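For reference, the structure discussed in these notes is given below.
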Amino acid sequence: MGNREALLVGAKQCLRDKGYDRTSVRDIATTAGVSMAAIGYHYGSREALLNKALFEILDEWGDSMGRALIPDADGSSKRHFEEMWDSLIADFTAHPDLWLASMELFMQAQRQPELRAALAAGTAEGRRGLAAILDGVPEGEVAEASVRTVGSVQLALMSGVMIQHLSDPATAPSAADVLAGLRGLGDLAR
């Protein structure tokens with residue numbers, strides 16, 4: 001593994017261990033086993049490297065979630081929706097460090113226009129990917145209306161449940177709570 005790849009692996013580990021704001025150039029270089037100057041040479045800045053590392057972590061998570069939600073032969077999505085929420089809750093619980101780092105990314109994006117643009121593009125891709133998973137179609141075939149509704153609402157629900165798990169895991173909603181709440185909201189929307 002070259003220095004560039006080692007730095008990316010080291011940055012991912014630091015994000016998990018210390019978070020975005022508490023990770024220093026020295027932390028990344030030490031974890032990667034390279035010089036601090038290598039960060040500037042390969043990525044330009046600590047922030048650019050951490051941003052790339054965090055986007056890669058989130059992409060890896062999204063890819064694994066997509067593979068886990070391949071529809072049944074009968075096209076049933078109800079079971080997958082329930083399983084998806086079980087999996088999401090388990091992930092929030094198992095990796096609060098990752099999700100805290102993603103929240104830090106949103107905060108950093110408010111001060112960095114180039115990061116904000118990348119985050120907006122990632123959010124749009126996330127909406128499309130979630131709509132594709134829930135609609136059971138390839139991403140290229142998702143209707144724009146589904147991206148704006150199903151994808152956006154699912155992303156909003158995930159973000160809200162994640163924040164509750166980060167702030168108060170003992171009383172945060174379970175997958176069953178989320179599904180019961182959605183059914184209740186569905187009744188209200190009729």
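In the structure tokens, the first chain shown is A, the next is B, and so on; residue numbers restart at 1 for each chain, and ligands run from 1 in the order shown.
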Give me the stretch 67-137 of chain A side of the contact with stretch 44-47 of chain A, cut-off 10 Å, one line per residue showing its nearest atom pair and distance in Å at one decimal, counting only C-alpha atoms, sorted by chain and residue number, as JSON lines.
{"residue": "A:Gln108", "atom": "CA", "partner": "A:Glu47", "partner_atom": "CA", "distance": 9.3}
{"residue": "A:Gln112", "atom": "CA", "partner": "A:Glu47", "partner_atom": "CA", "distance": 9.9}
{"residue": "A:Leu115", "atom": "CA", "partner": "A:Glu47", "partner_atom": "CA", "distance": 9.5}
DSSP-assigned helix (DSSP H, G or I) members of chain A, reported as a VMD selection string: chain A and resid 3 to 18 25 to 32 37 to 43 46 to 68 78 to 94 96 to 109 113 to 135 139 to 141 144 to 167 175 to 189
Just checking: using only C-alpha atoms, which residue out of A:Met162, A:Val25, A:Val150, A:Ile89 ends up closest to A:Gly40?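 Nearest to A:Gly40: A:Val25.
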Determine, counting only C-alpha atoms, which protein, DNA and RNA residues have an atom within 9 Å of an atom of stretch 164-166 of chain A; residues of the same chain fewer than 6 positions away are not included. Present the result as a list of chain:residue names.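 Near neighbours after the sequence-gap exclusion: A:Ile89, A:Phe92, A:Thr93, A:Pro96, A:Asp97, A:Trp99, A:Leu100, A:Ala172, A:Pro173.
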Write a file of the just-selected residues containing N, CA and C atoms, as a PDB file, in the first residue's frame.
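Written out: part36.pdb:
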ATOM      1  N   ILE A  89     -30.806   0.709  12.702  1.00  0.00           N
ATOM      2  CA  ILE A  89     -30.729   0.904  14.150  1.00  0.00           C
ATOM      3  C   ILE A  89     -29.501   0.187  14.705  1.00  0.00           C
ATOM      4  N   PHE A  92     -26.501   2.327  13.792  1.00  0.00           N
ATOM      5  CA  PHE A  92     -26.385   3.524  14.627  1.00  0.00           C
ATOM      6  C   PHE A  92     -25.820   3.155  15.998  1.00  0.00           C
ATOM      7  N   THR A  93     -26.275   2.024  16.517  1.00  0.00           N
ATOM      8  CA  THR A  93     -25.847   1.566  17.838  1.00  0.00           C
ATOM      9  C   THR A  93     -24.402   1.079  17.822  1.00  0.00           C
ATOM     10  N   PRO A  96     -21.608   4.588  16.594  1.00  0.00           N
ATOM     11  CA  PRO A  96     -21.968   5.990  16.837  1.00  0.00           C
ATOM     12  C   PRO A  96     -20.859   6.945  16.414  1.00  0.00           C
ATOM     13  N   ASP A  97     -19.616   6.485  16.447  1.00  0.00           N
ATOM     14  CA  ASP A  97     -18.481   7.301  16.050  1.00  0.00           C
ATOM     15  C   ASP A  97     -18.581   7.723  14.581  1.00  0.00           C
ATOM     16  N   TRP A  99     -21.336   7.951  12.752  1.00  0.00           N
ATOM     17  CA  TRP A  99     -22.471   8.850  12.551  1.00  0.00           C
ATOM     18  C   TRP A  99     -22.215  10.214  13.169  1.00  0.00           C
ATOM     19  N   LEU A 100     -21.471  10.257  14.269  1.00  0.00           N
ATOM     20  CA  LEU A 100     -21.083  11.542  14.838  1.00  0.00           C
ATOM     21  C   LEU A 100     -20.163  12.278  13.868  1.00  0.00           C
ATOM     22  N   ALA A 172     -34.059   6.187  22.368  1.00  0.00           N
ATOM     23  CA  ALA A 172     -34.240   6.367  20.926  1.00  0.00           C
ATOM     24  C   ALA A 172     -35.177   5.281  20.392  1.00  0.00           C
ATOM     25  N   PRO A 173     -35.898   5.581  19.313  1.00  0.00           N
ATOM     26  CA  PRO A 173     -36.863   4.612  18.785  1.00  0.00           C
ATOM     27  C   PRO A 173     -36.193   3.369  18.210  1.00  0.00           C
TER      28      PRO A 173
END
Could you tell me which of A:His80, A:Arg128, A:Gly10, A:Lys18 comes closest to A:Met36 if we count only C-alpha atoms?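 For A:Met36, the nearest of the candidates is A:Gly10.
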Across A:Leu58, A:Leu188, A:Leu98, A:Leu179, the smallest distance to A:Gly126, with only C-alpha atoms counted, is shown by A:Leu58
Neighbour list for A:Glu144 as a list in words, cut-off 12 Å, only C-alpha atoms, skip fewer than 6 positions in-chain: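 Everything that qualifies: Ala124, Glu125, Arg127, Arg128, Gly129, Ala131, Ala132, Asp135, Val150, Gly151 and Ser152 of chain A.
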Output of the above residues as a PDB file, in the first residue's frame, restricted to N, CA, C and O atoms:
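Output saved as out-v1.pdb:
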ATOM      1  N   ALA A 124     -28.028  14.177  -2.689  1.00  0.00           N
ATOM      2  CA  ALA A 124     -28.889  13.870  -3.842  1.00  0.00           C
ATOM      3  C   ALA A 124     -28.704  12.416  -4.268  1.00  0.00           C
ATOM      4  O   ALA A 124     -29.683  11.714  -4.564  1.00  0.00           O
ATOM      5  N   GLU A 125     -27.457  11.956  -4.273  1.00  0.00           N
ATOM      6  CA  GLU A 125     -27.184  10.561  -4.617  1.00  0.00           C
ATOM      7  C   GLU A 125     -27.804   9.617  -3.579  1.00  0.00           C
ATOM      8  O   GLU A 125     -28.352   8.572  -3.922  1.00  0.00           O
ATOM      9  N   ARG A 127     -30.505  10.202  -1.718  1.00  0.00           N
ATOM     10  CA  ARG A 127     -31.959  10.163  -1.939  1.00  0.00           C
ATOM     11  C   ARG A 127     -32.312   9.197  -3.067  1.00  0.00           C
ATOM     12  O   ARG A 127     -33.230   8.401  -2.953  1.00  0.00           O
ATOM     13  N   ARG A 128     -31.560   9.301  -4.146  1.00  0.00           N
ATOM     14  CA  ARG A 128     -31.814   8.431  -5.311  1.00  0.00           C
ATOM     15  C   ARG A 128     -31.574   6.969  -4.936  1.00  0.00           C
ATOM     16  O   ARG A 128     -32.363   6.095  -5.269  1.00  0.00           O
ATOM     17  N   GLY A 129     -30.488   6.694  -4.247  1.00  0.00           N
ATOM     18  CA  GLY A 129     -30.180   5.329  -3.846  1.00  0.00           C
ATOM     19  C   GLY A 129     -31.235   4.754  -2.913  1.00  0.00           C
ATOM     20  O   GLY A 129     -31.643   3.592  -3.061  1.00  0.00           O
ATOM     21  N   ALA A 131     -34.395   5.708  -2.692  1.00  0.00           N
ATOM     22  CA  ALA A 131     -35.621   5.500  -3.481  1.00  0.00           C
ATOM     23  C   ALA A 131     -35.501   4.232  -4.316  1.00  0.00           C
ATOM     24  O   ALA A 131     -36.456   3.454  -4.417  1.00  0.00           O
ATOM     25  N   ALA A 132     -34.327   3.995  -4.897  1.00  0.00           N
ATOM     26  CA  ALA A 132     -34.120   2.789  -5.708  1.00  0.00           C
ATOM     27  C   ALA A 132     -34.283   1.539  -4.854  1.00  0.00           C
ATOM     28  O   ALA A 132     -34.948   0.584  -5.263  1.00  0.00           O
ATOM     29  N   ASP A 135     -38.012   1.274  -3.859  1.00  0.00           N
ATOM     30  CA  ASP A 135     -38.875   0.988  -5.012  1.00  0.00           C
ATOM     31  C   ASP A 135     -38.515  -0.338  -5.674  1.00  0.00           C
ATOM     32  O   ASP A 135     -39.264  -0.835  -6.515  1.00  0.00           O
ATOM     33  N   VAL A 150     -40.125   9.607  -1.712  1.00  0.00           N
ATOM     34  CA  VAL A 150     -39.698   8.415  -0.973  1.00  0.00           C
ATOM     35  C   VAL A 150     -38.251   8.559  -0.497  1.00  0.00           C
ATOM     36  O   VAL A 150     -37.947   8.351   0.679  1.00  0.00           O
ATOM     37  N   GLY A 151     -37.355   8.933  -1.397  1.00  0.00           N
ATOM     38  CA  GLY A 151     -35.947   9.074  -1.023  1.00  0.00           C
ATOM     39  C   GLY A 151     -35.713  10.167  -0.009  1.00  0.00           C
ATOM     40  O   GLY A 151     -34.977   9.982   0.968  1.00  0.00           O
ATOM     41  N   SER A 152     -36.347  11.327  -0.214  1.00  0.00           N
ATOM     42  CA  SER A 152     -36.166  12.450   0.708  1.00  0.00           C
ATOM     43  C   SER A 152     -36.728  12.157   2.092  1.00  0.00           C
ATOM     44  O   SER A 152     -36.095  12.463   3.103  1.00  0.00           O
TER      45      SER A 152
END
